[in-house]
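Asker: Take a look at coords-v1.txt, compact mmCIF, C-alpha atoms:
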# COMPACT_ATOMS: atom_id res chain seq x y z
CA MET A 316 50.56 25.58 19.44
CA GLY A 317 53.84 24.03 18.93
CA LYS A 318 55.09 22.85 15.58
CA GLN A 319 56.79 19.86 17.09
CA GLU A 320 55.90 16.72 15.13
CA ARG A 321 54.09 14.12 17.18
CA ASP A 322 51.61 11.26 16.89
CA VAL A 323 48.00 11.99 16.11
CA ARG A 324 45.01 9.92 17.14
CA ILE A 325 43.72 8.51 13.86
CA SER A 326 39.98 8.37 13.66
CA LEU A 327 37.77 7.65 10.70
CA GLN A 328 37.15 11.37 10.27
CA THR A 329 40.90 12.04 10.35
CA LEU A 330 41.38 9.49 7.60
CA ARG A 331 38.76 11.19 5.48
CA VAL A 332 40.48 14.56 5.95
CA LEU A 333 43.82 13.05 4.95
CA GLU A 334 42.16 11.39 1.99
CA ALA A 335 40.86 14.77 0.83
CA PHE A 336 44.40 16.16 0.87
CA LEU A 337 45.96 13.09 -0.74
CA GLU A 338 43.80 13.50 -3.84
CA ASN A 339 46.43 15.99 -4.85
CA PRO A 340 49.07 16.41 -2.14
CA THR A 341 50.31 19.72 -3.49
CA ASP A 342 46.88 21.37 -3.21
CA GLU A 343 46.27 24.02 -0.64
CA LEU A 344 42.78 23.63 0.77
CA SER A 345 40.65 25.79 2.98
CA GLY A 346 38.31 24.35 5.57
CA ALA A 347 35.41 24.87 3.15
CA ASP A 348 37.27 22.92 0.45
CA VAL A 349 37.93 20.00 2.78
CA HIS A 350 34.29 20.03 3.81
CA LYS A 351 33.27 19.74 0.16
CA ARG A 352 35.66 16.86 -0.49
CA SER A 353 35.12 14.88 2.72
CA GLY A 354 31.64 15.90 3.84
CA ILE A 355 32.78 16.21 7.43
CA ALA A 356 30.85 18.69 9.57
CA SER A 357 32.61 21.82 10.75
CA GLY A 358 32.39 20.84 14.40
CA THR A 359 34.66 17.89 13.70
CA LEU A 360 36.65 19.26 10.80
CA TYR A 361 38.32 22.32 12.35
CA PRO A 362 39.65 20.53 15.46
CA ILE A 363 41.18 17.89 13.17
CA LEU A 364 42.83 20.53 10.98
CA LEU A 365 44.29 22.25 14.03
CA ARG A 366 45.37 18.93 15.54
CA LEU A 367 47.19 17.86 12.37
CA GLU A 368 48.76 21.28 12.05
CA SER A 369 50.02 21.27 15.62
CA ALA A 370 51.36 17.77 15.01
CA GLY A 371 53.35 19.02 12.02
CA TRP A 372 51.44 17.12 9.35
CA PHE A 373 49.99 20.34 7.93
CA VAL A 374 51.16 23.89 7.50
CA SER A 375 48.74 26.74 7.00
CA ARG A 376 48.91 30.29 5.71
CA TRP A 377 46.61 33.12 4.83
CA GLU A 378 45.53 33.45 1.26
CA THR A 379 47.39 36.24 -0.50
CA VAL A 380 44.42 38.22 -1.67
CA ASP A 381 43.21 41.70 -0.98
CA PRO A 382 39.80 41.34 0.70
CA SER A 383 38.61 44.74 -0.46
CA SER A 384 39.43 44.12 -4.10
CA ALA A 385 38.30 40.45 -4.01
CA GLY A 386 35.09 41.31 -2.23
CA ARG A 387 35.52 38.52 0.27
CA PRO A 388 37.64 37.75 3.32
CA ARG A 389 40.89 35.92 2.88
CA ARG A 390 40.85 32.21 3.55
CA ARG A 391 43.11 30.05 5.65
CA LEU A 392 44.81 27.47 3.43
CA TYR A 393 46.21 24.16 4.63
CA ARG A 394 48.80 21.98 2.89
CA LEU A 395 50.44 18.65 3.67
CA THR A 396 54.06 18.87 4.80
CA PRO A 397 56.55 16.35 3.32
CA SER A 398 56.64 14.52 6.64
CA GLY A 399 52.86 14.71 6.88
CA LEU A 400 52.60 13.17 3.43
CA THR A 401 54.90 10.34 4.51
CA ARG A 402 52.98 9.76 7.73
CA ALA A 403 49.66 9.82 5.93
CA GLY A 404 50.97 7.22 3.48
CA GLU A 405 52.09 5.05 6.37
CA VAL A 406 48.71 5.35 8.05
CA PHE A 407 46.82 4.25 4.95
CA ALA A 408 49.30 1.45 4.33
CA SER A 409 48.80 0.20 7.87
CA PHE A 410 45.04 0.09 7.27
CA GLY A 411 45.62 -1.89 4.09
CA ARG A 412 44.01 0.74 1.90
CA GLY A 413 47.12 2.13 0.27
CA VAL A 414 47.54 5.76 -0.58
CA PRO A 415 44.52 7.09 -2.45
CA ALA A 416 45.22 7.95 -6.08
CA MET B 143 22.17 40.76 5.50
CA SER B 144 19.32 38.50 6.53
CA THR B 145 18.49 37.58 10.08
CA GLY B 146 19.76 34.04 9.59
CA GLU B 147 23.05 35.16 8.17
CA GLY B 148 23.42 37.69 10.96
CA LEU B 149 22.74 34.95 13.48
CA ALA B 150 25.35 32.73 11.85
CA ARG B 151 27.99 35.48 11.96
CA TRP B 152 27.14 36.23 15.57
CA LEU B 153 27.46 32.57 16.52
CA ILE B 154 30.85 32.33 14.84
CA GLN B 155 32.13 35.50 16.51
CA HIS B 156 30.83 34.27 19.83
CA ALA B 157 32.46 30.86 19.35
CA ALA B 158 35.79 32.38 18.31
CA HIS B 159 35.69 34.69 21.32
CA ASN B 160 35.51 31.62 23.59
CA ALA B 161 38.44 29.95 21.84
CA PRO B 162 41.97 30.12 23.32
CA PRO B 163 43.18 33.75 23.04
CA GLU B 164 46.04 33.03 20.65
CA LEU B 165 43.63 31.32 18.24
CA SER B 166 40.60 33.51 18.67
CA GLU B 167 41.32 36.08 15.98
CA ARG B 168 42.54 33.55 13.49
CA LEU B 169 39.59 31.23 13.90
CA GLU B 170 37.08 34.06 13.57
CA GLU B 171 38.58 35.26 10.30
CA GLU B 172 38.97 31.71 8.97
CA TRP B 173 35.43 30.66 9.81
CA LEU B 174 33.87 33.87 8.53
CA ALA B 175 35.73 33.35 5.25
CA ASP B 176 34.39 29.81 5.03
CA LEU B 177 30.93 31.12 5.89
CA GLU B 178 31.01 33.21 2.72
CA VAL B 179 31.50 30.06 0.66
CA ARG B 180 28.46 28.29 2.08
CA ARG B 181 25.25 28.72 0.13
CA GLY B 182 21.89 28.73 1.86
CA ILE B 183 20.90 29.90 5.29
CA LEU B 184 20.64 26.38 6.69
CA ALA B 185 24.15 25.48 5.56
CA ARG B 186 25.48 28.66 7.14
CA LEU B 187 23.69 28.08 10.40
CA ARG B 188 24.99 24.51 10.42
CA LEU B 189 28.53 25.80 9.94
CA ALA B 190 28.07 28.30 12.76
CA ALA B 191 26.70 25.66 15.12
CA GLY B 192 29.61 23.38 14.21
CA CYS B 193 32.06 26.16 15.00
CA CYS B 194 30.53 26.51 18.46
CA TRP B 195 31.17 22.83 19.08
CA ALA B 196 34.63 23.03 17.49
CA THR B 197 35.54 25.81 19.91
CA LYS B 198 34.81 23.59 22.88
CA VAL B 199 36.90 20.75 21.46
CA ILE B 200 39.78 23.04 20.53
CA ALA B 201 39.75 24.74 23.93
CA TYR B 202 39.72 21.38 25.67
CA GLU B 203 42.60 19.97 23.63
CA HIS B 204 44.50 23.22 23.96
CA ALA B 205 44.18 23.11 27.74
CA ALA B 206 45.30 19.48 27.84
CA ALA B 207 48.30 20.30 25.66
CA SER B 208 49.20 23.26 27.87
CA VAL B 209 49.15 21.04 30.95
CA ALA B 210 51.35 18.53 29.20
CA VAL B 211 53.81 21.22 28.12
CA ALA B 212 53.88 22.69 31.61
CA ALA B 213 54.51 19.27 33.05
CA SER B 214 57.34 18.60 30.67
CA THR B 215 58.99 21.95 31.48
CA THR B 216 58.62 21.55 35.23
CA GLY B 217 59.43 17.88 35.24
CA SER B 218 56.22 16.98 37.05
CA LYS B 219 55.37 13.49 35.93
CA THR B 220 52.32 13.45 38.17
CA MET B 221 50.72 16.32 36.30
CA THR B 222 51.44 14.67 32.97
CA ALA B 223 49.84 11.49 34.13
CA TYR B 224 46.82 13.42 35.33
CA ALA B 225 46.45 15.21 32.03
CA GLN B 226 46.62 11.97 30.07
CA HIS B 227 44.18 10.28 32.40
CA ASP B 228 41.83 13.20 32.15
CA ASP B 229 41.99 13.12 28.38
CA THR B 230 40.92 9.50 28.10
CA PHE B 231 38.53 9.06 31.00
CA PHE B 232 36.38 12.14 30.50
CA SER B 233 36.26 12.10 26.76
CA ARG B 234 33.07 13.14 25.03
CA ARG B 235 32.41 9.57 23.97
CA THR B 236 32.69 8.29 27.54
CA VAL B 237 30.32 10.92 28.86
CA THR B 238 27.81 10.14 26.12
CA VAL B 239 27.94 6.40 26.77
CA VAL B 240 27.51 6.91 30.51
CA ALA B 241 24.55 9.22 29.91
CA ILE B 242 22.83 6.74 27.59
CA VAL B 243 23.36 3.82 29.95
CA GLY B 244 22.10 5.88 32.86
CA LEU B 245 18.99 6.87 30.94
CA HIS B 246 18.21 3.24 30.11
CA VAL B 247 18.73 2.17 33.71
CA ALA B 248 16.38 4.90 34.88
CA ILE B 249 13.68 3.86 32.40
CA VAL B 250 13.96 0.18 33.32
CA TYR B 251 13.86 1.04 37.02
CA ALA B 252 10.77 3.17 36.49
CA PHE B 253 8.94 0.29 34.85
CA VAL B 254 10.11 -2.40 37.28
CA SER B 255 9.38 -0.46 40.45
CA GLY B 256 5.95 0.69 39.30
CA LEU B 257 7.06 4.28 39.29
CA THR B 258 5.37 4.91 35.98
CA HIS B 259 2.09 3.69 37.42
CA GLN B 260 2.44 6.03 40.36
CA VAL B 261 3.26 8.94 38.09
CA TYR B 262 0.25 8.08 35.97
CA GLN B 263 -1.97 8.07 39.03
CA VAL B 264 -0.59 11.38 40.21
CA LEU B 265 -1.25 12.92 36.82
CA THR B 266 -4.68 11.47 36.26
CA GLY B 267 -5.89 10.99 39.85
CA PRO B 268 -7.10 7.78 41.47
CA THR B 269 -9.52 5.67 39.54
CA GLU B 270 -13.04 5.91 40.92
CA TYR B 271 -15.65 3.24 40.50
CA ARG B 272 -19.25 4.38 40.75
CA PHE B 273 -22.17 2.00 40.75
CA LEU B 274 -25.15 3.36 38.94
CA PRO B 275 -28.50 2.84 40.73
CA GLU B 276 -30.63 0.16 39.18
CA THR B 277 -33.72 1.64 37.57
CA LYS B 278 -36.90 -0.33 37.19
CA VAL B 279 -38.60 -0.09 33.90
CA ASP B 280 -42.31 -0.97 33.87
CA PRO B 281 -43.29 -3.07 30.89
CA VAL B 282 -45.29 -1.02 28.47
CA PRO B 283 -48.36 -2.82 27.08
CA PRO B 284 -48.48 -3.02 23.32
CA PRO B 285 -50.58 -0.30 21.74
CA GLN B 286 -54.16 -1.18 20.87
CA LEU B 287 -55.07 -0.70 17.28
CA SER B 288 -58.43 0.98 17.16
CA GLY B 289 -59.41 0.20 13.58
CA ALA B 290 -58.10 -3.38 13.37
CA PRO B 291 -60.51 -6.32 13.74
CA PRO B 292 -60.02 -8.52 16.83
CA LEU B 293 -58.02 -11.70 16.33
CA THR B 294 -60.14 -14.87 16.55
CA SER B 295 -59.31 -18.52 15.96
CA THR B 296 -61.26 -20.27 13.21
CA LYS B 297 -61.63 -24.02 13.01
CA VAL B 298 -61.08 -25.41 9.54
CA ASN B 299 -62.50 -28.82 8.74
CA ILE B 300 -60.41 -30.79 6.27
CA PRO B 301 -62.29 -33.67 4.63
CA SER B 302 -60.44 -36.98 5.02
CA THR B 303 -59.53 -38.69 1.77
CA ASP B 304 -58.82 -42.32 1.15
CA LEU B 305 -55.48 -42.23 -0.58
CA ARG B 306 -54.26 -45.47 -2.10
CA ILE B 307 -50.93 -45.85 -3.84
CA ASP B 308 -50.42 -48.86 -6.08
CA VAL B 309 -46.85 -50.01 -5.99
CA PRO B 310 -45.87 -52.25 -8.89
CA THR B 311 -44.63 -55.63 -7.77
CA ASP B 312 -41.13 -56.70 -8.69
CA THR B 313 -41.35 -59.73 -10.88
CA GLU B 314 -37.70 -60.20 -11.59
CA ARG B 315 -34.65 -60.31 -9.37
CA ILE B 316 -31.02 -60.62 -10.35
CA LEU B 317 -28.61 -62.25 -7.96
CA ASP B 318 -24.96 -61.65 -8.74
CA VAL B 319 -22.76 -64.54 -7.69
CA SER B 320 -19.56 -63.16 -9.23
CA PRO B 321 -16.88 -64.33 -9.57
CA GLY B 322 -18.97 -67.40 -9.88
CA PRO B 323 -22.09 -67.64 -11.96
CA ALA B 324 -24.74 -65.04 -11.27
CA VAL B 325 -28.34 -65.96 -10.67
CA ILE B 326 -31.09 -64.00 -12.30
CA GLY B 327 -34.58 -64.01 -10.95
CA PRO B 328 -37.21 -66.21 -12.38
CA THR B 329 -39.12 -65.32 -15.44
CA SER B 330 -41.87 -67.69 -14.47
CA PRO B 331 -45.26 -66.16 -13.87
CA PRO B 332 -45.65 -64.29 -10.63
CA ALA B 333 -46.54 -66.26 -7.57
CA PRO B 334 -50.16 -66.74 -6.80
CA PRO B 335 -51.73 -64.18 -4.55
CA ARG B 336 -51.50 -66.52 -1.55
CA ALA B 337 -48.63 -65.72 0.75
CA VAL B 338 -45.82 -68.10 -0.07
CA ASN B 339 -42.27 -67.76 1.19
CA ARG B 340 -40.45 -68.46 -2.05
CA VAL B 341 -36.65 -68.63 -2.13
CA LEU B 342 -35.07 -68.81 -5.55
CA GLY B 343 -32.55 -71.49 -6.34
CA GLY B 344 -29.18 -71.13 -8.05
CA PRO B 345 -25.77 -72.73 -8.36
CA GLY B 346 -25.24 -74.75 -5.20
CA LYS B 347 -22.59 -76.73 -3.44
CA GLY B 348 -20.22 -78.57 -5.75
CA PHE B 349 -21.09 -76.42 -8.76
CA PRO B 350 -18.20 -76.48 -11.29
CA ASP B 351 -15.70 -73.62 -11.48
CA THR B 352 -16.29 -71.12 -14.28
CA ASP B 353 -12.59 -71.02 -15.18
CA ASP B 354 -12.67 -74.72 -16.06
CA PHE B 355 -15.12 -73.95 -18.87
CA TYR B 356 -13.37 -70.82 -20.17
CA PRO B 357 -13.00 -71.54 -23.93
CA ALA B 358 -9.37 -71.93 -24.93
CA ASP B 359 -9.71 -69.84 -28.07
CA ALA B 360 -11.29 -67.03 -26.07
CA ILE B 361 -8.40 -67.09 -23.60
CA ARG B 362 -5.95 -66.99 -26.49
CA LYS B 363 -7.73 -64.02 -28.04
CA GLY B 364 -8.18 -62.32 -24.70
CA LEU B 365 -11.97 -62.29 -24.97
CA GLN B 366 -14.06 -61.57 -21.87
CA GLY B 367 -17.78 -61.29 -21.31
CA ALA B 368 -20.86 -62.44 -19.45
CA ALA B 369 -23.75 -64.54 -20.72
CA VAL B 370 -27.11 -65.00 -18.99
CA VAL B 371 -28.16 -68.66 -18.97
CA ARG B 372 -31.68 -69.93 -18.38
CA THR B 373 -31.98 -73.25 -16.64
CA CYS B 374 -34.85 -75.39 -15.40
CA VAL B 375 -34.11 -77.70 -12.45
CA ASP B 376 -36.15 -80.07 -10.34
CA GLU B 377 -36.43 -80.16 -6.59
CA LYS B 378 -33.17 -82.15 -6.42
CA GLY B 379 -31.16 -79.62 -8.39
CA ARG B 380 -31.04 -81.61 -11.61
CA LEU B 381 -31.67 -80.12 -15.03
CA THR B 382 -35.07 -80.83 -16.41
CA ALA B 383 -34.38 -79.20 -19.77
CA ALA B 384 -31.40 -78.17 -21.78
CA PRO B 385 -30.10 -74.77 -20.67
CA THR B 386 -30.39 -71.93 -23.14
CA VAL B 387 -28.71 -68.55 -23.55
CA ALA B 388 -31.14 -65.85 -22.41
CA LYS B 389 -28.72 -63.01 -23.12
CA THR B 390 -25.65 -63.45 -25.25
CA SER B 391 -22.22 -62.31 -24.19
CA GLY B 392 -21.53 -61.14 -27.70
CA THR B 393 -19.04 -63.92 -28.27
CA PRO B 394 -20.32 -67.31 -29.50
CA SER B 395 -17.53 -69.28 -27.87
CA LEU B 396 -18.20 -67.67 -24.47
CA ASP B 397 -21.93 -68.44 -24.84
CA GLU B 398 -21.04 -72.03 -25.61
CA GLY B 399 -18.74 -72.19 -22.59
CA ALA B 400 -21.55 -70.89 -20.38
CA LEU B 401 -23.92 -73.57 -21.66
CA ARG B 402 -21.36 -76.32 -21.04
CA LEU B 403 -20.92 -75.02 -17.50
CA ALA B 404 -24.70 -75.03 -17.00
CA ARG B 405 -24.96 -78.62 -18.24
CA ALA B 406 -22.03 -79.79 -16.13
CA GLY B 407 -23.62 -78.31 -13.05
CA SER B 408 -26.66 -80.56 -13.21
CA GLY B 409 -27.29 -82.11 -9.83
CA HIS B 410 -25.43 -79.28 -8.09
CA TYR B 411 -28.12 -76.65 -8.41
CA ARG B 412 -29.88 -75.39 -5.33
CA ALA B 413 -33.57 -75.95 -5.84
CA THR B 414 -36.07 -73.20 -5.34
CA THR B 415 -38.07 -73.57 -2.13
CA GLU B 416 -41.61 -72.55 -1.30
CA ASP B 417 -42.34 -72.41 2.41
CA GLY B 418 -39.14 -74.40 2.85
CA GLN B 419 -40.14 -77.15 0.44
CA PRO B 420 -37.98 -77.62 -2.71
CA VAL B 421 -39.87 -77.27 -5.97
CA SER B 422 -38.89 -77.48 -9.61
CA SER B 423 -38.47 -74.11 -11.27
CA CYS B 424 -36.71 -72.20 -14.01
CA TYR B 425 -34.46 -69.24 -13.45
CA GLU B 426 -31.64 -67.36 -15.05
CA TYR B 427 -28.17 -66.62 -13.83
CA ARG B 428 -25.17 -64.82 -15.22
CA VAL B 429 -21.94 -66.59 -16.13
CA THR B 430 -18.98 -64.22 -16.27
CA PHE B 431 -15.72 -65.08 -18.02
CA HIS B 432 -12.97 -62.81 -16.76
CA LEU B 433 -9.27 -63.21 -17.53
CA LYS B 434 -7.06 -63.05 -14.46
CA ASN B 435 -3.63 -61.56 -14.78
Could I get this file's structure written as structure tokens?

Answerer:
Amino acid sequence: MGKQERDVRISLQTLRVLEAFLENPTDELSGADVHKRSGIASGTLYPILLRLESAGWFVSRWETVDPSSAGRPRRRLYRLTPSGLTRAGEVFASFGRGVPA
Amino acid sequence: MSTGEGLARWLIQHAAHNAPPELSERLEEEWLADLEVRRGILARLRLAAGCCWATKVIAYEHAAASVAVAASTTGSKTMTAYAQHDDTFFSRRTVTVVAIVGLHVAIVYAFVSGLTHQVYQVLTGPTEYRFLPETKVDPVPPPQLSGAPPLTSTKVNIPSTDLRIDVPTDTERILDVSPGPAVIGPTSPPAPPRAVNRVLGGPGKGFPDTDDFYPADAIRKGLQGAAVVRTCVDEKGRLTAAPTVAKTSGTPSLDEGALRLARAGSGHYRATTEDGQPVSSCYEYRVTFHLKN
């Protein structure tokens, strides 16, 4: 998928995903973390994460942990890009909700 | 590893395998890592089922994006237009709406066209009506009681009795002539046993108005009451004796007013008649003094 920044179709579920990240924009969240914060089912959540990443709103990386020593597989972590943060703020402003605190 | 957890892992691996090749490995590792976080077999199975659906969405969007990229690199605007059209027209929401509408149309059609009735008949078979043969039931005679005596009618003679009821004769009548003076039946001895049509007299035509004899002091004090006056008149309606108070009103001035009224009415009394002939008689009547607002 390309990293070229482009428009994303904003649905209610997309807003809830962005809201989960905007609680603390510097947080890196896995899909499980976003599910806990937003309550969105996995069937909807993962396509949104990939869509926002391909649109350049998110970047993702693998967790730097040794699976054998941690006793669990490494997680994929997502984070808002500076432009993604700006776009998310614009989206919430256009809906009249403002950026969540 | 339980069966449910194994099923969840298998579903995720299967879903990731069907994802676009460049994402397959990443998605499998990512989803399996998230699976570890979920607690409870139901939550894990729900995650796995969601991943199966997510794979379809991701593959679909990935294919649409690939077509768009190919179109942009080859300069084919037609292909780009097709990809965009395909993305909007055959979206999951559109397909769902069309399916729901189609289902409703089919149900309504089934009811309107009688299809449901036909299906019901096919399933249950045609309705058969069978008339049951009429059976005659012979009336059964009531059982004869062997030990009971036969029923016979017995004539009972009731002796006739001569029953006589003595009804006391009314000797006094009260005629209320309110608001004017009231007439009370005679206190004279009862009529002789011969049959006489006796009609009591009383205040007649031209009798003075009670209000004209209402005592002034009683009006001032607001006193009201009724006095019964006894008068004796001849066959021409004239007093033959001075009227007296038979029953006081409780107020001397009202009693006096009633007597003055009785005296003033002399000559205007209606005489008592016997067989249509006026006779002299005595009778009582009530004089009521009532204040009008």

Asker: With all atoms listed in the file considered, list every residue of chain A at most 6 Å from chain B, as a list in words.

Answerer: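 Close to chain B, chain A has Ala347, Ser357, Gly358, Pro362, Pro388, Arg390 and Arg391 of chain A.
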
Asker: Any idea what the distance is between atom CA of Tyr356 of chain B and atom CA of Lys389 of chain B?

Answerer: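 Here the two named atoms are 17.5 Å from each other.
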
Asker: Considering all atoms listed in the file, state which residue in the set A:Ile355, A:Pro340, A:Ser326, A:Leu360 is at the smallest distance from Thr396 of chain A.

Answerer: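 Distance minimum relative to Thr396 of chain A lands on A:Pro340.
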
Asker: Show me, as an MDAnalysis selection string, the residues that have an atom within 8 Å of segment 373-376 of chain A when counting all atoms listed in the file, minus same-chain residues fewer than 4 positions from it.

Answerer: chainID A and resid 364 367:369 391:396 399

Asker: Please measure the separation of atom CA of Ala205 of chain B and atom CA of Leu365 of chain A, giving the value in Å to one decimal.

Answerer: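 Taking atom CA of Ala205 of chain B and atom CA of Leu365 of chain A, their separation equals 13.7 Å.
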
Asker: Would you compute the distance between atom CA of Arg340 of chain B and atom CA of Thr415 of chain B? Give it in Å to one decimal.

Answerer: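 Taking atom CA of Arg340 of chain B as the start and atom CA of Thr415 of chain B as the end point, the length is 5.6 Å.
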
Asker: Select, from B:Leu381, B:Val421, B:Val341, B:Leu433, the residue with the minimum atom-to-atom distance to Gly367 of chain B, counting only C-alpha atoms.

Answerer: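 Result for the nearest residue to Gly367 of chain B: B:Leu433.
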
Asker: Give me the residues within 12 Å of Arg380 of chain B as a count of residues only, counting all atoms listed in the file and dropping any in the same chain fewer than 6 places off.

Answerer: 23

Asker: Using all atoms listed in the file, give me every residue within 10 Å of (-17.6, -73.7, -21.5) in file coordinates, as an MDAnalysis selection string.

Answerer: chainID B and resid 352:358 395:406 429 431

Asker: Pick out the closest residue to Lys378 of chain B from this set: B:Gln419, B:Val298, B:Val279, B:Ala252. Count only C-alpha atoms.

Answerer: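 Ranked by minimum distance to Lys378 of chain B, first place goes to B:Gln419.
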
Asker: Axis-aligned box over every listed atom of segment 365-378 of chain A, padded by 8 Å per side: centre and edges in Å to one decimal, as lines of an AutoDock Vina configuration file?

Answerer:
center_x = 48.8
center_y = 25.3
center_z = 8.4
size_x = 25.1
size_y = 32.3
size_z = 30.4

Asker: Identify which of the residues A:Val380, A:Ala385, A:Ile363, A:Ala356 lies closest to Leu333 of chain A, counting only C-alpha atoms when measuring atom-to-atom distances.

Answerer: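 Nearest to Leu333 of chain A: A:Ile363.
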